[in-house]
Every structure is written in structure tokens, then in C-alpha cells.
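Asks: What follows is the file coords22.cif, containing mmCIF, C-alpha atoms:
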```cif
data_query
loop_
_atom_site.label_atom_id
_atom_site.label_comp_id
_atom_site.auth_asym_id
_atom_site.auth_seq_id
_atom_site.Cartn_x
_atom_site.Cartn_y
_atom_site.Cartn_z
CA MET A 1 22.55 2.26 -19.36
CA ALA A 2 22.15 -1.50 -19.51
CA ILE A 3 20.33 -1.56 -16.17
CA LYS A 4 18.01 1.22 -17.35
CA SER A 5 17.31 -0.71 -20.56
CA TYR A 6 16.39 -3.87 -18.66
CA GLN A 7 14.19 -1.84 -16.32
CA ASN A 8 12.32 -0.32 -19.27
CA GLN A 9 11.87 -3.76 -20.84
CA ALA A 10 10.52 -5.15 -17.56
CA GLU A 11 8.06 -2.26 -17.24
CA LEU A 12 6.86 -2.83 -20.82
CA LEU A 13 6.44 -6.57 -20.12
CA VAL A 14 4.32 -5.87 -17.03
CA ARG A 15 2.24 -3.16 -18.70
CA ASP A 16 1.70 -4.76 -22.11
CA TYR A 17 1.31 -8.39 -21.06
CA LEU A 18 0.97 -9.14 -17.36
CA LEU A 19 -1.41 -6.21 -16.71
CA ALA A 20 -2.96 -6.01 -20.17
CA ASP A 21 -6.74 -6.40 -19.88
CA PRO A 22 -7.05 -9.79 -21.66
CA PHE A 23 -4.27 -11.36 -19.58
CA VAL A 24 -4.99 -9.90 -16.13
CA PRO A 25 -7.29 -12.69 -14.87
CA TYR A 26 -4.85 -15.43 -15.87
CA THR A 27 -1.61 -13.78 -14.75
CA SER A 28 -3.09 -12.68 -11.43
CA ILE A 29 -4.49 -16.12 -10.55
CA LEU A 30 -1.24 -17.81 -11.52
CA GLY A 31 0.68 -15.16 -9.60
CA GLY A 32 -1.48 -15.76 -6.53
CA ILE A 33 -0.83 -19.51 -6.62
CA LEU A 34 2.92 -19.04 -7.12
CA ALA A 35 3.00 -16.47 -4.30
CA CYS A 36 1.38 -19.02 -1.98
CA LYS A 37 4.07 -21.57 -2.84
CA MET A 38 6.82 -19.00 -2.28
CA VAL A 39 5.42 -17.87 1.10
CA TYR A 40 5.01 -21.50 2.21
CA ASP A 41 8.65 -22.25 1.42
CA LEU A 42 9.86 -19.03 3.07
CA SER A 43 7.80 -19.75 6.18
CA GLN A 44 9.32 -23.22 6.38
CA LEU A 45 12.84 -21.84 5.96
CA ILE A 46 12.53 -18.90 8.37
CA SER A 47 10.62 -20.84 11.04
CA SER A 48 13.19 -23.64 11.14
CA PHE A 49 15.93 -21.08 11.87
CA TYR A 50 14.22 -18.59 14.19
CA PHE A 51 11.53 -20.54 16.10
CA ARG A 52 12.79 -23.29 18.39
CA SER A 53 9.30 -24.71 18.88
CA TYR A 54 8.95 -25.32 15.12
CA ALA A 55 11.30 -28.34 15.13
CA ALA A 56 9.25 -30.00 17.87
CA LEU A 57 6.01 -29.84 15.89
CA THR A 58 4.47 -32.84 14.14
CA LYS A 59 4.45 -32.97 10.36
CA ILE A 60 0.80 -31.86 10.21
CA GLN A 61 1.46 -29.01 12.64
CA ARG A 62 4.40 -27.77 10.55
CA ILE A 63 2.24 -27.85 7.43
CA GLU A 64 -0.49 -25.88 9.22
CA TRP A 65 2.13 -23.45 10.59
CA ASN A 66 3.33 -22.68 7.06
CA ASN A 67 -0.20 -22.64 5.68
CA ARG A 68 -1.25 -20.04 8.24
CA GLY A 69 1.70 -17.94 7.11
CA ILE A 70 0.16 -17.89 3.64
CA SER A 71 -3.31 -16.97 4.93
CA THR A 72 -1.85 -14.21 7.12
CA LEU A 73 -0.01 -12.58 4.22
CA HIS A 74 -3.05 -12.90 1.95
CA ALA A 75 -5.29 -11.39 4.62
CA ILE A 76 -3.00 -8.38 5.04
CA PHE A 77 -2.79 -7.92 1.26
CA ILE A 78 -6.47 -8.30 0.42
CA SER A 79 -7.86 -6.34 3.40
CA THR A 80 -5.44 -3.47 2.70
CA MET A 81 -6.29 -3.37 -1.00
CA SER A 82 -10.01 -3.68 -0.26
CA LEU A 83 -9.84 -0.72 2.13
CA TYR A 84 -8.00 1.22 -0.53
CA PHE A 85 -10.61 0.56 -3.22
CA VAL A 86 -13.64 1.11 -0.96
CA ILE A 87 -12.43 4.16 0.97
CA PHE A 88 -9.43 5.87 -0.61
CA SER A 89 -9.65 5.15 -4.34
CA ASP A 90 -12.05 7.13 -6.52
CA LEU A 91 -12.96 3.99 -8.50
CA PHE A 92 -16.21 3.53 -6.57
CA SER A 93 -16.72 7.16 -5.60
CA GLU A 94 -20.31 8.41 -5.87
CA HIS A 95 -18.98 11.73 -7.16
CA ARG A 96 -17.20 10.14 -10.10
CA LEU A 97 -19.18 10.36 -13.34
CA ALA A 98 -18.17 6.98 -14.69
CA GLY A 99 -21.34 4.93 -14.76
CA LEU A 100 -23.05 3.02 -11.99
CA VAL A 101 -20.90 1.99 -9.03
CA ILE A 102 -22.06 -1.61 -9.27
CA PHE A 103 -20.54 -2.02 -12.75
CA ARG A 104 -17.18 -0.32 -12.17
CA SER A 105 -13.87 -2.13 -12.31
CA SER A 106 -10.27 -1.52 -13.33
CA PRO A 107 -7.25 -3.61 -14.38
CA LEU A 108 -5.82 -3.19 -10.87
CA SER A 109 -9.03 -4.23 -9.08
CA THR A 110 -9.31 -7.25 -11.38
CA PHE A 111 -5.67 -8.14 -10.74
CA VAL A 112 -6.15 -7.97 -6.96
CA MET A 113 -9.19 -10.25 -7.17
CA GLY A 114 -7.23 -12.69 -9.32
CA VAL A 115 -4.46 -12.91 -6.72
CA SER A 116 -7.11 -13.64 -4.07
CA ILE A 117 -8.63 -16.36 -6.26
CA GLY A 118 -5.16 -17.90 -6.57
CA TYR A 119 -4.92 -17.98 -2.79
CA PHE A 120 -8.37 -19.54 -2.31
CA LEU A 121 -7.58 -22.22 -4.90
CA ALA A 122 -4.23 -23.05 -3.29
CA ASP A 123 -5.68 -23.08 0.22
CA LEU A 124 -8.65 -25.20 -0.82
CA GLY A 125 -6.26 -27.66 -2.43
CA MET A 126 -4.33 -27.99 0.84
CA ILE A 127 -7.54 -28.30 2.89
CA PHE A 128 -8.84 -31.12 0.66
CA TRP A 129 -5.41 -32.80 0.56
CA LEU A 130 -5.19 -33.00 4.36
CA TYR A 131 -8.90 -32.92 5.23
CA PRO A 132 -9.92 -32.36 7.96
CA SER A 133 -6.54 -31.47 9.56
CA LEU A 134 -6.45 -27.90 8.19
CA GLY A 135 -10.15 -27.19 8.64
CA GLY A 136 -13.56 -28.82 8.60
CA ILE A 137 -16.64 -28.32 6.47
CA GLU A 138 -17.11 -24.72 7.65
CA TYR A 139 -13.74 -23.74 6.14
CA VAL A 140 -14.59 -25.51 2.90
CA MET A 141 -17.94 -23.67 2.72
CA HIS A 142 -16.32 -20.32 3.49
CA HIS A 143 -13.66 -20.76 0.80
CA LEU A 144 -16.06 -22.09 -1.85
CA ILE A 145 -18.53 -19.23 -1.30
CA SER A 146 -15.74 -16.65 -1.32
CA LEU A 147 -14.12 -18.21 -4.39
CA LEU A 148 -17.41 -18.23 -6.30
CA ALA A 149 -18.22 -14.61 -5.46
CA VAL A 150 -14.73 -13.26 -6.19
CA ALA A 151 -14.35 -15.27 -9.42
CA TYR A 152 -17.69 -14.10 -10.81
CA SER A 153 -17.02 -10.50 -9.83
CA MET A 154 -13.59 -10.59 -11.44
CA SER A 155 -14.74 -12.21 -14.69
CA SER A 156 -17.91 -10.12 -15.15
CA GLY A 157 -16.81 -6.83 -13.62
CA GLU A 158 -20.11 -6.66 -11.72
CA GLY A 159 -20.38 -6.06 -8.00
CA GLN A 160 -16.68 -5.53 -7.33
CA TYR A 161 -17.57 -2.75 -4.90
CA TYR A 162 -19.47 -5.11 -2.57
CA THR A 163 -16.94 -7.90 -3.09
CA PHE A 164 -14.17 -5.66 -1.77
CA MET A 165 -16.37 -4.56 1.13
CA VAL A 166 -16.81 -8.19 2.17
CA LEU A 167 -13.09 -8.92 1.70
CA ILE A 168 -12.23 -6.24 4.27
CA SER A 169 -13.38 -8.82 6.83
CA GLU A 170 -10.18 -10.79 6.12
CA ALA A 171 -8.48 -8.26 8.44
CA THR A 172 -9.34 -10.57 11.36
CA THR A 173 -7.32 -13.49 9.98
CA PRO A 174 -3.85 -12.43 11.25
CA GLY A 175 -5.17 -12.29 14.82
CA ILE A 176 -6.81 -15.72 14.50
CA ASN A 177 -3.57 -17.17 13.15
CA LEU A 178 -1.50 -15.50 15.88
CA ARG A 179 -3.78 -17.14 18.45
CA TRP A 180 -3.02 -20.54 16.92
CA TYR A 181 0.72 -19.81 16.83
CA LEU A 182 0.75 -18.79 20.51
CA ASP A 183 -1.27 -21.85 21.50
CA THR A 184 0.98 -24.18 19.50
CA ALA A 185 4.10 -22.58 21.00
CA GLY A 186 2.78 -23.27 24.51
CA MET A 187 1.99 -19.63 25.30
CA LYS A 188 -1.69 -20.02 26.04
CA ARG A 189 -1.29 -18.56 29.53
CA SER A 190 0.79 -15.58 28.40
CA ASN A 191 -0.30 -11.95 28.38
CA ALA A 192 0.22 -11.91 24.62
CA TYR A 193 -2.45 -14.62 24.25
CA LEU A 194 -4.91 -12.64 26.37
CA ILE A 195 -4.27 -9.34 24.55
CA ASN A 196 -4.59 -11.08 21.21
CA GLY A 197 -7.92 -12.61 22.29
CA ILE A 198 -9.28 -9.19 23.25
CA ALA A 199 -8.05 -7.75 19.93
CA ILE A 200 -9.78 -10.58 18.05
CA PHE A 201 -13.04 -9.85 19.88
CA PHE A 202 -13.10 -6.16 18.93
CA SER A 203 -11.79 -6.60 15.38
CA TRP A 204 -14.32 -9.37 14.70
CA LEU A 205 -17.12 -7.21 16.10
CA VAL A 206 -16.15 -4.33 13.81
CA VAL A 207 -15.30 -6.00 10.48
CA ARG A 208 -17.34 -9.21 10.62
CA VAL A 209 -20.47 -8.05 12.43
CA LEU A 210 -20.94 -4.28 12.24
CA LEU A 211 -19.39 -4.02 8.76
CA PHE A 212 -21.90 -6.57 7.43
CA VAL A 213 -24.75 -4.55 8.91
CA TYR A 214 -23.45 -1.60 6.90
CA ILE A 215 -23.09 -3.76 3.78
CA PHE A 216 -26.75 -4.78 3.97
CA TYR A 217 -27.72 -1.12 4.49
CA ASP A 218 -25.63 -0.03 1.49
CA ILE A 219 -27.11 -2.77 -0.71
CA TYR A 220 -30.54 -1.51 0.31
CA LEU A 221 -29.59 2.06 -0.65
CA HIS A 222 -28.27 0.88 -4.03
CA SER A 223 -30.91 -1.79 -4.64
CA TYR A 224 -31.93 -0.07 -7.87
CA GLN A 225 -28.39 -0.68 -9.16
CA VAL A 226 -28.17 -4.21 -7.79
CA ASN A 227 -31.40 -5.09 -9.61
CA LEU A 228 -29.77 -4.10 -12.91
CA MET A 229 -27.18 -6.85 -12.54
CA GLN A 230 -27.46 -10.28 -14.12
CA PRO A 231 -29.77 -12.68 -12.19
CA PHE A 232 -26.86 -14.80 -10.94
CA ALA A 233 -24.96 -11.67 -9.87
CA ARG A 234 -28.02 -10.44 -7.95
CA LEU A 235 -28.25 -13.81 -6.22
CA LEU A 236 -24.61 -13.54 -5.17
CA ALA A 237 -25.02 -9.93 -4.00
CA TYR A 238 -27.83 -10.89 -1.62
CA ALA A 239 -26.91 -14.48 -0.70
CA VAL A 240 -23.14 -14.36 -0.15
CA PRO A 241 -23.12 -11.59 2.51
CA SER A 242 -26.12 -13.25 4.19
CA VAL A 243 -24.46 -16.68 4.44
CA LEU A 244 -21.13 -15.20 5.55
CA ALA A 245 -22.88 -13.00 8.12
CA VAL A 246 -24.52 -16.06 9.70
CA MET A 247 -21.18 -17.89 9.78
CA ASN A 248 -19.51 -14.83 11.29
CA LEU A 249 -22.11 -14.63 14.05
CA LEU A 250 -21.68 -18.32 14.88
CA TRP A 251 -17.89 -17.91 15.03
CA PHE A 252 -18.31 -14.71 17.07
CA GLY A 253 -20.27 -16.69 19.65
CA LYS A 254 -17.34 -19.11 19.95
CA ILE A 255 -14.90 -16.19 20.28
CA VAL A 256 -16.97 -14.69 23.12
CA LYS A 257 -17.11 -18.04 24.93
CA GLY A 258 -13.37 -18.54 24.48
CA LEU A 259 -12.57 -15.05 25.76
CA LYS A 260 -14.82 -15.53 28.79
CA LYS A 261 -13.10 -18.83 29.55
CA THR A 262 -9.65 -17.23 29.28
CA LEU A 263 -10.63 -14.29 31.51
CA ALA A 264 -12.18 -16.66 34.09
CA LYS A 265 -8.89 -18.58 34.38
CA ARG A 266 -7.07 -15.30 35.03
CA GLN A 267 -9.19 -14.47 38.05
#
```
Could you express the structure from this file as C-alpha cells?
Replies:
Amino acid sequence: MAIKSYQNQAELLVRDYLLADPFVPYTSILGGILACKMVYDLSQLISSFYFRSYAALTKIQRIEWNNRGISTLHAIFISTMSLYFVIFSDLFSEHRLAGLVIFRSSPLSTFVMGVSIGYFLADLGMIFWLYPSLGGIEYVMHHLISLLAVAYSMSSGEGQYYTFMVLISEATTPGINLRWYLDTAGMKRSNAYLINGIAIFFSWLVVRVLLFVYIFYDIYLHSYQVNLMQPFARLLAYAVPSVLAVMNLLWFGKIVKGLKKTLAKRQ
């Protein structure tokens, strides 16, 4: 009975406070930041016990190792939730009579965006703290643009549909991080490294090139809705995917060159 009582109290706390509409943005951002700290510490603890190469890394490499653990977990979380909202949930369904798609949101969608904002804030803090060891200006630009778009969409409730579509592209991050882990562990000539490189090529092509083509097409189809948004929101809807698409194409060129180089060494 006591356990059941505590469970009911916990459910009420989550429903009435943590996920209550006025508190969702704050609790989700704070939760995202705290989750990053927890994952960093867990990565440090687990890696020191189970990966022999971890102890041989420099201090900066260990920090980046743990930091990539955070970005991997965030990427899995946000890409999965984005796929859910865009494809499986009826929140943005055209058949749902609940107003224009461009203005739809829910406490859960807002919470998910808040968690992502918490991650971008934490990761930006680490990038600035150790700049440029964890990433150069292109990473700073990517995070600032993403942070701006997600934060505005969360706070205004406008354009969450397209924000989640763009966030699906985070699905490529685990492969990119695995490539770094394999390289750092001295496995650059392994079959795992080659297979991972091929997987990165195809996943990047699908979710960071072809997906963005579809996003532009969908924005065109719903341009009458996009034009009803606030001026700043319209700017974000057109500019953010465009800037990210250019960055994705530049990075894709580097991926192709890297894959060609790896395949050439195998022959």
C-alpha cells in the first residue's frame, strides 16, 4: 500500500507540475541539462571499467569520448521522438481537424524540444569551454542555428512540425561518433570502420540530403500556412533548413572523399 501511495504521488507530481503546461519549458530544459551531466558521468565510469583504450587517452580525448556519449544518446532520443511525431503520431496528421498543422503542438512535443534545448546548451557550453578541441566554427554555427530554431518553436508553438522533420537528421550522429570511437581506439583499418563508413554514407544521403529535399517540397505545399506565421517564424522556416542543407552538402562531400580514401586503401 505504501509503495502504491508513493507511486500515485509521483504520478501526480509529474502530471501536475513537471508536465503542466506553464512548467514544461523550464522542467524539460533543466531535465535535458541534468541528463547530459548524468550521461557524461556514466560514460566516464563505464568506459574506465570496460574499455582498455580509455585509460590511455589524453585528458581532452577522454572529455570528447564522454561528450560524444551525450550526443549519441541525445541523437537517438530526438530522432526517435521526431520520427514518432512526424510519422506515427496524429498530432500533425492532415486528417485531424485540429487547426492548421503549422500551429499544432502538445505538452509532450514541447517537453521533447525542451530536452533537446538542454542538450544544445550543455554541448555549446563544453564546445566554448574547450574551443576548438570539441569542434570548430561549423559546430558552433550548427548548434546556434538549431538552438534558435528549436527554442522559438518550443516557446511559440509555431512550426514544430518542420522542426521535428529537421531534427530527424540527428539520426546520423551515432554513426559519426562511432567512427571517432573506432579511430581513437586504433581500429581505423578494421572491417567495423569500413562498414560504419558505408552506413554513414547512406544514412547521411537519406536523412541529411534527400530528407531536406522533401522538407523544401513540403514547405512549398504548405506555403499558405507558413505565410500565416509570425515574420520571424517565417524567416526561420525558410532560412534554417536552407543553411543546414548547405552545411549538410559540404559535410557530405567530405564523407564521400573519406569513404573513397578508405576504399582505395583496401584495394
Asks: When you look at range 66-72 of chain A with a cut-off of 10 Å (counting only C-alpha atoms), what residues show up, excluding the ones that are within fewer than 2 positions of it in the same chain? I need them as a ChimeraX atom specification.
Replies: /A:35-45,47,61-64,74-77,119-120,122-123,126-127,134,170-178,180-181
Asks: Interatomic distance between CA of Trp129 in chain A and CA of His143 in chain A?
Replies: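 Pair CA of Trp129 in chain A / CA of His143 in chain A returns 14.6 Å.
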Asks: Using the chain letters and numbers from the file, give me the residues hit by the PyMOL selection byres ((chain A and resi 27) around 9), as a list of chain:residue names.
Replies: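 Selected by the PyMOL selection byres ((chain A and resi 27) around 9) here: A:Tyr17, A:Leu18, A:Leu19, A:Phe23, A:Val24, A:Pro25, A:Tyr26, A:Ser28, A:Ile29, A:Leu30, A:Gly31, A:Gly32, A:Phe111, A:Gly114, A:Val115.
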Asks: May I ask which of the residues A:Ser109, A:Ser169, A:Thr262, A:Ser133 is the closest one to Leu194 in chain A, counting all atoms listed in the file?
Replies: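 Looking at the shortest contact to Leu194 in chain A, the residue is A:Thr262.
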Asks: What residues come out when you apply the PyMOL selection byres ((chain A and resi 104) around 12) to this file, written as number ranges by chain?
Replies: A: 85-86, 90-94, 96-103, 105-110, 153-154, 156-163, 225, 229
Asks: Draw an axis-aligned box tight on the listed atoms of range 181-194 of chain A, then pad every side by 8 Å and write out centre and edge lengths in Å to one decimal as AutoDock Vina command-line options.
Replies:
```
--center_x -0.4 --center_y -18.0 --center_z 23.2 --size_x 25.0 --size_y 28.3 --size_z 28.7
```
Asks: CA of Val240 in chain A to CA of Met165 in chain A: how many Å, to one decimal?
Replies: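 Here the two named atoms are 12.0 Å from each other.
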Asks: For a quick check of understanding, using all atoms listed in the file, which of A:Asn196, A:Gln267, A:Asn248, A:Ser53 has the smallest distance to Glu138 in chain A?
Replies: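 That would be A:Asn248, the residue with the smallest distance to Glu138 in chain A.
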Asks: What does the distance between CA of Ala185 in chain A and CA of Ala55 in chain A come to in Å, to one decimal place?
Replies: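 Separating CA of Ala185 in chain A from CA of Ala55 in chain A is a distance of 10.9 Å.
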Asks: Which is closer to Ser146 in chain A than all the others in A:Ala237, A:Leu263, A:Ala56, A:Met187, using only C-alpha atoms?
Replies: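 The closest residue to Ser146 in chain A is A:Ala237.
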Asks: Would you mind writing range 160-175 of chain A with N, CA and C atoms, as a PDB file, keeping the file's coordinate frame?
Replies:
```
ATOM      1  N   GLN A 160     -18.001  -5.533  -7.968  1.00  0.00           N
ATOM      2  CA  GLN A 160     -16.680  -5.530  -7.330  1.00  0.00           C
ATOM      3  C   GLN A 160     -16.665  -4.666  -6.073  1.00  0.00           C
ATOM      4  N   TYR A 161     -17.491  -3.630  -6.054  1.00  0.00           N
ATOM      5  CA  TYR A 161     -17.570  -2.750  -4.900  1.00  0.00           C
ATOM      6  C   TYR A 161     -17.956  -3.533  -3.640  1.00  0.00           C
ATOM      7  N   TYR A 162     -19.022  -4.338  -3.733  1.00  0.00           N
ATOM      8  CA  TYR A 162     -19.470  -5.110  -2.570  1.00  0.00           C
ATOM      9  C   TYR A 162     -18.542  -6.285  -2.280  1.00  0.00           C
ATOM     10  N   THR A 163     -17.898  -6.822  -3.307  1.00  0.00           N
ATOM     11  CA  THR A 163     -16.940  -7.900  -3.090  1.00  0.00           C
ATOM     12  C   THR A 163     -15.776  -7.416  -2.246  1.00  0.00           C
ATOM     13  N   PHE A 164     -15.271  -6.221  -2.559  1.00  0.00           N
ATOM     14  CA  PHE A 164     -14.170  -5.660  -1.770  1.00  0.00           C
ATOM     15  C   PHE A 164     -14.630  -5.306  -0.363  1.00  0.00           C
ATOM     16  N   MET A 165     -15.859  -4.855  -0.205  1.00  0.00           N
ATOM     17  CA  MET A 165     -16.370  -4.560   1.130  1.00  0.00           C
ATOM     18  C   MET A 165     -16.361  -5.817   2.004  1.00  0.00           C
ATOM     19  N   VAL A 166     -16.795  -6.923   1.431  1.00  0.00           N
ATOM     20  CA  VAL A 166     -16.810  -8.190   2.170  1.00  0.00           C
ATOM     21  C   VAL A 166     -15.387  -8.656   2.478  1.00  0.00           C
ATOM     22  N   LEU A 167     -14.468  -8.456   1.518  1.00  0.00           N
ATOM     23  CA  LEU A 167     -13.090  -8.920   1.700  1.00  0.00           C
ATOM     24  C   LEU A 167     -12.335  -8.135   2.766  1.00  0.00           C
ATOM     25  N   ILE A 168     -12.842  -6.975   3.158  1.00  0.00           N
ATOM     26  CA  ILE A 168     -12.230  -6.240   4.270  1.00  0.00           C
ATOM     27  C   ILE A 168     -12.247  -7.097   5.533  1.00  0.00           C
ATOM     28  N   SER A 169     -13.236  -7.975   5.643  1.00  0.00           N
ATOM     29  CA  SER A 169     -13.380  -8.820   6.830  1.00  0.00           C
ATOM     30  C   SER A 169     -12.188  -9.760   7.024  1.00  0.00           C
ATOM     31  N   GLU A 170     -11.365  -9.947   5.976  1.00  0.00           N
ATOM     32  CA  GLU A 170     -10.180 -10.790   6.120  1.00  0.00           C
ATOM     33  C   GLU A 170      -9.160 -10.185   7.081  1.00  0.00           C
ATOM     34  N   ALA A 171      -9.392  -8.927   7.498  1.00  0.00           N
ATOM     35  CA  ALA A 171      -8.480  -8.260   8.440  1.00  0.00           C
ATOM     36  C   ALA A 171      -8.393  -8.984   9.777  1.00  0.00           C
ATOM     37  N   THR A 172      -9.369  -9.831  10.088  1.00  0.00           N
ATOM     38  CA  THR A 172      -9.340 -10.570  11.360  1.00  0.00           C
ATOM     39  C   THR A 172      -8.432 -11.796  11.311  1.00  0.00           C
ATOM     40  N   THR A 173      -8.067 -12.233  10.123  1.00  0.00           N
ATOM     41  CA  THR A 173      -7.320 -13.490   9.980  1.00  0.00           C
ATOM     42  C   THR A 173      -5.958 -13.478  10.662  1.00  0.00           C
ATOM     43  N   PRO A 174      -5.145 -12.408  10.555  1.00  0.00           N
ATOM     44  CA  PRO A 174      -3.850 -12.430  11.250  1.00  0.00           C
ATOM     45  C   PRO A 174      -3.974 -12.672  12.745  1.00  0.00           C
ATOM     46  N   GLY A 175      -4.973 -12.076  13.383  1.00  0.00           N
ATOM     47  CA  GLY A 175      -5.170 -12.290  14.820  1.00  0.00           C
ATOM     48  C   GLY A 175      -5.549 -13.723  15.140  1.00  0.00           C
TER      49      GLY A 175
END
```
